[in-house]
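Shown below: entry.txt, with compact mmCIF, N, CA and C atoms.
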```txt
# COMPACT_ATOMS: atom_id res chain seq x y z
N GLN A 1 -0.32 6.47 19.30
CA GLN A 1 0.42 5.37 18.70
C GLN A 1 -0.16 5.08 17.31
N VAL A 2 0.71 5.17 16.32
CA VAL A 2 0.28 4.95 14.95
C VAL A 2 0.05 3.46 14.71
N GLN A 3 -1.10 3.15 14.16
CA GLN A 3 -1.40 1.77 13.79
C GLN A 3 -1.91 1.72 12.36
N LEU A 4 -1.44 0.74 11.62
CA LEU A 4 -1.87 0.52 10.25
C LEU A 4 -2.35 -0.92 10.15
N VAL A 5 -3.59 -1.09 9.73
CA VAL A 5 -4.16 -2.43 9.65
C VAL A 5 -4.55 -2.72 8.21
N GLU A 6 -3.86 -3.71 7.64
CA GLU A 6 -4.11 -4.07 6.24
C GLU A 6 -5.15 -5.20 6.16
N SER A 7 -5.86 -5.22 5.06
CA SER A 7 -6.78 -6.30 4.78
C SER A 7 -6.96 -6.42 3.27
N GLY A 8 -7.51 -7.56 2.85
CA GLY A 8 -7.85 -7.75 1.44
C GLY A 8 -6.93 -8.66 0.66
N GLY A 9 -5.88 -9.15 1.28
CA GLY A 9 -4.99 -10.06 0.57
C GLY A 9 -5.66 -11.41 0.35
N GLY A 10 -5.01 -12.24 -0.44
CA GLY A 10 -5.55 -13.56 -0.70
C GLY A 10 -4.92 -14.19 -1.92
N VAL A 11 -5.59 -15.21 -2.43
CA VAL A 11 -5.11 -15.94 -3.59
C VAL A 11 -6.03 -15.63 -4.77
N VAL A 12 -5.44 -15.32 -5.90
CA VAL A 12 -6.21 -14.98 -7.10
C VAL A 12 -5.49 -15.54 -8.32
N GLN A 13 -6.23 -15.83 -9.35
CA GLN A 13 -5.61 -16.32 -10.58
C GLN A 13 -5.03 -15.17 -11.39
N SER A 14 -4.06 -15.51 -12.19
CA SER A 14 -3.44 -14.52 -13.07
C SER A 14 -4.52 -13.85 -13.93
N GLY A 15 -4.43 -12.53 -14.02
CA GLY A 15 -5.43 -11.75 -14.74
C GLY A 15 -6.55 -11.24 -13.88
N GLY A 16 -6.63 -11.71 -12.66
CA GLY A 16 -7.68 -11.32 -11.74
C GLY A 16 -7.39 -10.01 -11.02
N SER A 17 -8.28 -9.69 -10.07
CA SER A 17 -8.18 -8.43 -9.33
C SER A 17 -8.32 -8.66 -7.84
N LEU A 18 -7.72 -7.77 -7.09
CA LEU A 18 -7.87 -7.72 -5.64
C LEU A 18 -7.85 -6.27 -5.22
N ARG A 19 -8.48 -5.97 -4.07
CA ARG A 19 -8.37 -4.64 -3.50
C ARG A 19 -7.87 -4.76 -2.07
N LEU A 20 -6.77 -4.08 -1.80
CA LEU A 20 -6.22 -4.03 -0.47
C LEU A 20 -6.69 -2.76 0.23
N SER A 21 -6.86 -2.86 1.55
CA SER A 21 -7.23 -1.70 2.35
C SER A 21 -6.23 -1.53 3.48
N CYS A 22 -5.99 -0.28 3.83
CA CYS A 22 -5.11 0.04 4.95
C CYS A 22 -5.82 1.09 5.79
N GLU A 23 -6.23 0.69 6.99
CA GLU A 23 -6.91 1.62 7.88
C GLU A 23 -5.90 2.15 8.91
N ALA A 24 -5.81 3.47 8.98
CA ALA A 24 -4.84 4.11 9.85
C ALA A 24 -5.52 4.67 11.09
N SER A 25 -4.81 4.64 12.21
CA SER A 25 -5.29 5.25 13.44
C SER A 25 -4.12 5.79 14.22
N GLY A 26 -4.42 6.69 15.15
CA GLY A 26 -3.36 7.25 15.98
C GLY A 26 -2.51 8.29 15.31
N LEU A 27 -3.01 8.87 14.23
CA LEU A 27 -2.24 9.88 13.52
C LEU A 27 -3.16 10.94 12.93
N ILE A 28 -2.55 12.11 12.62
CA ILE A 28 -3.27 13.15 11.90
C ILE A 28 -3.08 12.85 10.42
N PHE A 29 -4.13 12.32 9.83
CA PHE A 29 -4.04 11.73 8.49
C PHE A 29 -3.42 12.69 7.47
N ALA A 30 -3.73 13.97 7.61
CA ALA A 30 -3.29 14.95 6.61
C ALA A 30 -1.78 15.12 6.57
N PHE A 31 -1.10 14.73 7.64
CA PHE A 31 0.35 14.92 7.70
C PHE A 31 1.15 13.73 7.17
N TYR A 32 0.44 12.76 6.61
CA TYR A 32 1.12 11.52 6.23
C TYR A 32 0.94 11.20 4.75
N VAL A 33 2.04 10.78 4.15
CA VAL A 33 1.98 10.12 2.85
C VAL A 33 1.77 8.63 3.13
N ILE A 34 0.72 8.08 2.55
CA ILE A 34 0.40 6.67 2.78
C ILE A 34 0.73 5.89 1.52
N GLY A 35 1.28 4.73 1.72
CA GLY A 35 1.65 3.96 0.53
C GLY A 35 1.66 2.47 0.77
N TRP A 36 1.90 1.79 -0.33
CA TRP A 36 2.05 0.34 -0.30
C TRP A 36 3.41 -0.03 -0.85
N TYR A 37 4.06 -0.96 -0.17
CA TYR A 37 5.29 -1.56 -0.62
C TYR A 37 5.07 -3.07 -0.62
N ARG A 38 5.93 -3.77 -1.32
CA ARG A 38 5.80 -5.22 -1.32
C ARG A 38 7.17 -5.88 -1.27
N GLN A 39 7.17 -7.10 -0.76
CA GLN A 39 8.41 -7.86 -0.69
C GLN A 39 8.12 -9.30 -1.08
N ALA A 40 8.71 -9.71 -2.16
CA ALA A 40 8.60 -11.09 -2.60
C ALA A 40 9.69 -11.92 -1.95
N ALA A 41 9.50 -13.21 -1.90
CA ALA A 41 10.47 -14.10 -1.27
C ALA A 41 11.84 -13.94 -1.92
N GLY A 42 12.84 -13.70 -1.10
CA GLY A 42 14.20 -13.58 -1.59
C GLY A 42 14.54 -12.26 -2.25
N LYS A 43 13.61 -11.31 -2.20
CA LYS A 43 13.86 -10.02 -2.84
C LYS A 43 13.74 -8.89 -1.84
N GLU A 44 14.22 -7.72 -2.25
CA GLU A 44 14.13 -6.55 -1.39
C GLU A 44 12.72 -5.93 -1.49
N ARG A 45 12.37 -5.19 -0.44
CA ARG A 45 11.09 -4.49 -0.44
C ARG A 45 11.12 -3.41 -1.52
N GLU A 46 10.02 -3.28 -2.27
CA GLU A 46 9.97 -2.30 -3.33
C GLU A 46 8.68 -1.48 -3.26
N LEU A 47 8.77 -0.29 -3.82
CA LEU A 47 7.61 0.60 -3.88
C LEU A 47 6.55 0.04 -4.80
N VAL A 48 5.29 0.10 -4.33
CA VAL A 48 4.16 -0.20 -5.20
C VAL A 48 3.48 1.11 -5.59
N ALA A 49 3.04 1.86 -4.57
CA ALA A 49 2.36 3.13 -4.84
C ALA A 49 2.26 3.94 -3.57
N THR A 50 2.24 5.27 -3.72
CA THR A 50 2.01 6.16 -2.59
C THR A 50 1.00 7.22 -3.00
N VAL A 51 0.35 7.81 -1.98
CA VAL A 51 -0.60 8.89 -2.24
C VAL A 51 -0.47 9.93 -1.13
N THR A 52 -0.42 11.20 -1.52
CA THR A 52 -0.31 12.28 -0.57
C THR A 52 -1.69 12.75 -0.12
N ASP A 53 -1.70 13.63 0.86
CA ASP A 53 -2.97 14.16 1.33
C ASP A 53 -3.70 14.93 0.23
N GLY A 54 -2.94 15.53 -0.65
CA GLY A 54 -3.53 16.29 -1.75
C GLY A 54 -3.95 15.43 -2.93
N GLY A 55 -3.69 14.12 -2.84
CA GLY A 55 -4.09 13.22 -3.91
C GLY A 55 -3.01 12.92 -4.93
N GLY A 56 -1.81 13.46 -4.72
CA GLY A 56 -0.72 13.15 -5.63
C GLY A 56 -0.30 11.69 -5.47
N THR A 57 -0.05 11.03 -6.59
CA THR A 57 0.28 9.61 -6.55
C THR A 57 1.62 9.33 -7.21
N ASN A 58 2.20 8.23 -6.79
CA ASN A 58 3.46 7.77 -7.37
C ASN A 58 3.39 6.25 -7.42
N TYR A 59 3.78 5.67 -8.57
CA TYR A 59 3.68 4.23 -8.75
C TYR A 59 5.02 3.63 -9.14
N GLY A 60 5.25 2.40 -8.70
CA GLY A 60 6.39 1.66 -9.18
C GLY A 60 6.19 1.31 -10.65
N ASP A 61 7.28 1.22 -11.39
CA ASP A 61 7.18 0.99 -12.84
C ASP A 61 6.43 -0.30 -13.17
N SER A 62 6.60 -1.30 -12.35
CA SER A 62 6.02 -2.61 -12.68
C SER A 62 4.50 -2.67 -12.50
N VAL A 63 3.91 -1.67 -11.85
CA VAL A 63 2.47 -1.72 -11.61
C VAL A 63 1.72 -0.59 -12.32
N LYS A 64 2.42 0.31 -12.96
CA LYS A 64 1.76 1.43 -13.63
C LYS A 64 0.76 0.93 -14.66
N GLY A 65 -0.42 1.52 -14.63
CA GLY A 65 -1.46 1.14 -15.58
C GLY A 65 -2.31 -0.04 -15.11
N ARG A 66 -1.88 -0.72 -14.06
CA ARG A 66 -2.63 -1.87 -13.55
C ARG A 66 -3.18 -1.64 -12.15
N PHE A 67 -2.43 -0.91 -11.33
CA PHE A 67 -2.82 -0.67 -9.94
C PHE A 67 -3.25 0.79 -9.78
N THR A 68 -4.19 1.01 -8.86
CA THR A 68 -4.63 2.37 -8.55
C THR A 68 -4.72 2.53 -7.04
N ILE A 69 -4.08 3.58 -6.55
CA ILE A 69 -4.13 3.88 -5.12
C ILE A 69 -5.10 5.04 -4.91
N SER A 70 -5.87 4.96 -3.81
CA SER A 70 -6.81 6.04 -3.48
C SER A 70 -6.89 6.19 -1.98
N ARG A 71 -7.45 7.31 -1.58
CA ARG A 71 -7.39 7.70 -0.17
C ARG A 71 -8.75 8.24 0.26
N ASP A 72 -9.30 7.72 1.36
CA ASP A 72 -10.57 8.19 1.93
C ASP A 72 -10.25 8.90 3.24
N HIS A 73 -10.35 10.22 3.22
CA HIS A 73 -9.96 11.00 4.40
C HIS A 73 -10.89 10.75 5.58
N ALA A 74 -12.16 10.62 5.32
CA ALA A 74 -13.13 10.43 6.40
C ALA A 74 -12.90 9.11 7.13
N LYS A 75 -12.53 8.09 6.39
CA LYS A 75 -12.31 6.77 6.99
C LYS A 75 -10.86 6.52 7.36
N LYS A 76 -9.99 7.47 7.05
CA LYS A 76 -8.55 7.29 7.29
C LYS A 76 -8.08 5.95 6.70
N THR A 77 -8.49 5.72 5.50
CA THR A 77 -8.20 4.45 4.85
C THR A 77 -7.66 4.71 3.45
N VAL A 78 -6.68 3.91 3.08
CA VAL A 78 -6.11 3.96 1.74
C VAL A 78 -6.35 2.62 1.08
N TYR A 79 -6.71 2.67 -0.18
CA TYR A 79 -7.02 1.47 -0.93
C TYR A 79 -6.01 1.27 -2.07
N LEU A 80 -5.77 0.02 -2.38
CA LEU A 80 -4.96 -0.31 -3.55
C LEU A 80 -5.75 -1.28 -4.41
N GLN A 81 -6.25 -0.78 -5.52
CA GLN A 81 -6.98 -1.62 -6.46
C GLN A 81 -5.97 -2.23 -7.42
N MET A 82 -5.92 -3.54 -7.45
CA MET A 82 -4.94 -4.25 -8.27
C MET A 82 -5.66 -5.05 -9.35
N ASN A 83 -5.45 -4.67 -10.59
CA ASN A 83 -6.07 -5.34 -11.73
C ASN A 83 -5.01 -6.01 -12.59
N SER A 84 -5.45 -6.92 -13.43
CA SER A 84 -4.54 -7.62 -14.35
C SER A 84 -3.34 -8.19 -13.61
N LEU A 85 -3.63 -8.86 -12.53
CA LEU A 85 -2.55 -9.37 -11.68
C LEU A 85 -1.73 -10.42 -12.40
N LYS A 86 -0.44 -10.42 -12.10
CA LYS A 86 0.50 -11.34 -12.70
C LYS A 86 1.13 -12.20 -11.60
N VAL A 87 1.67 -13.32 -11.99
CA VAL A 87 2.32 -14.20 -11.01
C VAL A 87 3.41 -13.44 -10.27
N GLU A 88 4.11 -12.57 -10.99
CA GLU A 88 5.21 -11.83 -10.37
C GLU A 88 4.74 -10.76 -9.39
N ASP A 89 3.44 -10.55 -9.27
CA ASP A 89 2.92 -9.65 -8.23
C ASP A 89 2.81 -10.35 -6.88
N THR A 90 3.05 -11.64 -6.84
CA THR A 90 3.00 -12.38 -5.60
C THR A 90 4.03 -11.84 -4.61
N ALA A 91 3.57 -11.47 -3.41
CA ALA A 91 4.44 -10.86 -2.41
C ALA A 91 3.63 -10.60 -1.15
N VAL A 92 4.33 -10.22 -0.10
CA VAL A 92 3.68 -9.65 1.07
C VAL A 92 3.60 -8.14 0.84
N TYR A 93 2.41 -7.61 0.96
CA TYR A 93 2.18 -6.18 0.73
C TYR A 93 2.06 -5.47 2.08
N TYR A 94 2.85 -4.41 2.23
CA TYR A 94 2.90 -3.66 3.47
C TYR A 94 2.36 -2.26 3.27
N CYS A 95 1.52 -1.83 4.20
CA CYS A 95 1.08 -0.44 4.22
C CYS A 95 2.12 0.39 4.96
N SER A 96 2.35 1.58 4.46
CA SER A 96 3.34 2.48 5.04
C SER A 96 2.73 3.85 5.24
N ALA A 97 3.10 4.48 6.34
CA ALA A 97 2.70 5.87 6.58
C ALA A 97 3.95 6.67 6.92
N MET A 98 4.18 7.73 6.16
CA MET A 98 5.34 8.58 6.41
C MET A 98 4.89 9.95 6.87
N ASP A 99 5.36 10.33 8.06
CA ASP A 99 5.07 11.66 8.60
C ASP A 99 5.91 12.67 7.84
N ILE A 100 5.28 13.55 7.09
CA ILE A 100 6.03 14.48 6.24
C ILE A 100 6.78 15.54 7.06
N ARG A 101 6.43 15.69 8.33
CA ARG A 101 7.07 16.70 9.16
C ARG A 101 8.44 16.22 9.63
N VAL A 102 8.57 14.95 9.90
CA VAL A 102 9.83 14.43 10.46
C VAL A 102 10.39 13.26 9.66
N ARG A 103 9.73 12.94 8.56
CA ARG A 103 10.20 11.85 7.67
C ARG A 103 10.31 10.52 8.40
N GLU A 104 9.40 10.28 9.32
CA GLU A 104 9.41 9.02 10.06
C GLU A 104 8.40 8.06 9.44
N HIS A 105 8.83 6.80 9.26
CA HIS A 105 8.00 5.78 8.63
C HIS A 105 7.37 4.86 9.67
N TYR A 106 6.13 4.47 9.40
CA TYR A 106 5.46 3.44 10.17
C TYR A 106 4.99 2.36 9.19
N TRP A 107 4.94 1.13 9.70
CA TRP A 107 4.59 0.01 8.83
C TRP A 107 3.49 -0.85 9.43
N GLY A 108 2.67 -1.40 8.56
CA GLY A 108 1.71 -2.41 8.98
C GLY A 108 2.36 -3.77 9.04
N GLN A 109 1.56 -4.77 9.40
CA GLN A 109 2.08 -6.12 9.56
C GLN A 109 2.22 -6.85 8.23
N GLY A 110 1.55 -6.38 7.21
CA GLY A 110 1.65 -7.02 5.90
C GLY A 110 0.49 -7.96 5.63
N THR A 111 0.16 -8.09 4.36
CA THR A 111 -0.87 -9.03 3.93
C THR A 111 -0.37 -9.76 2.68
N GLN A 112 -0.56 -11.05 2.66
CA GLN A 112 -0.04 -11.87 1.57
C GLN A 112 -0.96 -11.81 0.36
N VAL A 113 -0.35 -11.58 -0.80
CA VAL A 113 -1.06 -11.66 -2.08
C VAL A 113 -0.36 -12.75 -2.90
N THR A 114 -1.13 -13.73 -3.32
CA THR A 114 -0.59 -14.81 -4.13
C THR A 114 -1.36 -14.89 -5.44
N VAL A 115 -0.63 -14.80 -6.54
CA VAL A 115 -1.24 -14.88 -7.86
C VAL A 115 -0.81 -16.20 -8.50
N SER A 116 -1.78 -17.03 -8.81
CA SER A 116 -1.47 -18.34 -9.39
C SER A 116 -1.64 -18.30 -10.90
N SER A 117 -0.88 -19.16 -11.56
CA SER A 117 -0.94 -19.19 -13.04
C SER A 117 -2.05 -20.09 -13.55
```
Would you put the structure from the file into structure tokens?
Amino acid sequence: QVQLVESGGGVVQSGGSLRLSCEASGLIFAFYVIGWYRQAAGKERELVATVTDGGGTNYGDSVKGRFTISRDHAKKTVYLQMNSLKVEDTAVYYCSAMDIRVREHYWGQGTQVTVSS
């Protein structure tokens, strides 16, 4: 059973930094693209960043240059380093794991990130 456990959310002032973690279990880590998505109140869920087993990354336009996604194979954990945070980054951030063999998605419970002005 695939489980994704997020941590690291919280409240930070504009311009500050946070690091989110997503620890995965119940899966063969190498077969999954792991990523972060976010959903702000009243808006649709959007891509933040993804990382493949080979280290290939993809970022949403709004976070390029500010956020960095990384992957620790030994710990089966993916990190999202968020710098220069803006009020508009406020959202619930969800960890996602996609099985590349069958294109099946799994989701974590989400962690709230609030950026105050």
Compile a residue-level contact table for segment 12-36 of chain A against segment 76-98 of chain A at a cut-off of 7 Å, reporting for every qualifying residue the shortest atom pair and its distance in Å to one decimal, with only C-alpha atoms counted, rows ordered by chain and ascending number, as CSV.
```
residue,atom,partner,partner_atom,distance
A:Ser14,CA,A:Lys86,CA,5.1
A:Gly15,CA,A:Ser84,CA,4.2
A:Gly16,CA,A:Leu85,CA,5.5
A:Ser17,CA,A:Asn83,CA,4.4
A:Leu18,CA,A:Met82,CA,5.2
A:Arg19,CA,A:Gln81,CA,4.5
A:Leu20,CA,A:Leu80,CA,5.0
A:Ser21,CA,A:Tyr79,CA,4.6
A:Cys22,CA,A:Val78,CA,5.2
A:Glu23,CA,A:Thr77,CA,4.3
A:Ala24,CA,A:Lys76,CA,5.5
A:Phe29,CA,A:Lys76,CA,6.4
A:Tyr32,CA,A:Met98,CA,5.1
A:Val33,CA,A:Met98,CA,5.1
A:Ile34,CA,A:Ala97,CA,4.5
A:Gly35,CA,A:Ser96,CA,5.0
A:Trp36,CA,A:Cys95,CA,4.7
```
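Distances from A:Gln39, A:Gln1, A:Ser70, A:Thr114 to Val51 of chain A were compared using all atoms listed in the file, and the smallest one belongs to A:Ser70.
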Which residue out of A:Thr111, A:Ser116, A:Thr68, A:Ser62 has the minimum interatomic distance to Gly8 of chain A when only N, CA and C atoms are used?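 Using only N, CA and C atoms, Gly8 of chain A sits closest to A:Thr111.
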Go ahead and compute the interatomic distance for atom CA of Ala30 of chain A and atom CA of Glu44 of chain A, in Å to one decimal.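 Computed distance, atom CA of Ala30 of chain A to atom CA of Glu44 of chain A, equals 28.8 Å.
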Could you rebuild segment 25-45 of chain A with N, CA, C and O atoms and give it back as a short mmCIF file (atom, residue, chain, number, x, y, z; two decimals), keeping the file's coordinate frame?
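Okay, rebuild_15.cif is ready:
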```cif
data_model
loop_
_atom_site.label_atom_id
_atom_site.label_comp_id
_atom_site.auth_asym_id
_atom_site.auth_seq_id
_atom_site.Cartn_x
_atom_site.Cartn_y
_atom_site.Cartn_z
N SER A 25 -4.81 4.64 12.21
CA SER A 25 -5.29 5.25 13.44
C SER A 25 -4.12 5.79 14.22
O SER A 25 -2.96 5.43 13.97
N GLY A 26 -4.42 6.69 15.15
CA GLY A 26 -3.36 7.25 15.98
C GLY A 26 -2.51 8.29 15.31
O GLY A 26 -1.39 8.57 15.75
N LEU A 27 -3.01 8.87 14.23
CA LEU A 27 -2.24 9.88 13.52
C LEU A 27 -3.16 10.94 12.93
O LEU A 27 -4.37 10.75 12.81
N ILE A 28 -2.55 12.11 12.62
CA ILE A 28 -3.27 13.15 11.90
C ILE A 28 -3.08 12.85 10.42
O ILE A 28 -2.01 13.07 9.85
N PHE A 29 -4.13 12.32 9.83
CA PHE A 29 -4.04 11.73 8.49
C PHE A 29 -3.42 12.69 7.47
O PHE A 29 -2.67 12.28 6.60
N ALA A 30 -3.73 13.97 7.61
CA ALA A 30 -3.29 14.95 6.61
C ALA A 30 -1.78 15.12 6.57
O ALA A 30 -1.23 15.59 5.58
N PHE A 31 -1.10 14.73 7.64
CA PHE A 31 0.35 14.92 7.70
C PHE A 31 1.15 13.73 7.17
O PHE A 31 2.36 13.70 7.29
N TYR A 32 0.44 12.76 6.61
CA TYR A 32 1.12 11.52 6.23
C TYR A 32 0.94 11.20 4.75
O TYR A 32 -0.15 11.32 4.19
N VAL A 33 2.04 10.78 4.15
CA VAL A 33 1.98 10.12 2.85
C VAL A 33 1.77 8.63 3.13
O VAL A 33 2.53 8.02 3.88
N ILE A 34 0.72 8.08 2.55
CA ILE A 34 0.40 6.67 2.78
C ILE A 34 0.73 5.89 1.52
O ILE A 34 0.48 6.36 0.40
N GLY A 35 1.28 4.73 1.72
CA GLY A 35 1.65 3.96 0.53
C GLY A 35 1.66 2.47 0.77
O GLY A 35 1.40 1.99 1.87
N TRP A 36 1.90 1.79 -0.33
CA TRP A 36 2.05 0.34 -0.30
C TRP A 36 3.41 -0.03 -0.85
O TRP A 36 3.86 0.51 -1.86
N TYR A 37 4.06 -0.96 -0.17
CA TYR A 37 5.29 -1.56 -0.62
C TYR A 37 5.07 -3.07 -0.62
O TYR A 37 4.15 -3.57 0.03
N ARG A 38 5.93 -3.77 -1.32
CA ARG A 38 5.80 -5.22 -1.32
C ARG A 38 7.17 -5.88 -1.27
O ARG A 38 8.18 -5.29 -1.68
N GLN A 39 7.17 -7.10 -0.76
CA GLN A 39 8.41 -7.86 -0.69
C GLN A 39 8.12 -9.30 -1.08
O GLN A 39 7.37 -10.01 -0.38
N ALA A 40 8.71 -9.71 -2.16
CA ALA A 40 8.60 -11.09 -2.60
C ALA A 40 9.69 -11.92 -1.95
O ALA A 40 10.71 -11.38 -1.50
N ALA A 41 9.50 -13.21 -1.90
CA ALA A 41 10.47 -14.10 -1.27
C ALA A 41 11.84 -13.94 -1.92
O ALA A 41 11.97 -14.00 -3.14
N GLY A 42 12.84 -13.70 -1.10
CA GLY A 42 14.20 -13.58 -1.59
C GLY A 42 14.54 -12.26 -2.25
O GLY A 42 15.63 -12.11 -2.81
N LYS A 43 13.61 -11.31 -2.20
CA LYS A 43 13.86 -10.02 -2.84
C LYS A 43 13.74 -8.89 -1.84
O LYS A 43 13.20 -9.06 -0.74
N GLU A 44 14.22 -7.72 -2.25
CA GLU A 44 14.13 -6.55 -1.39
C GLU A 44 12.72 -5.93 -1.49
O GLU A 44 12.01 -6.11 -2.48
N ARG A 45 12.37 -5.19 -0.44
CA ARG A 45 11.09 -4.49 -0.44
C ARG A 45 11.12 -3.41 -1.52
O ARG A 45 12.11 -2.70 -1.67
#
```
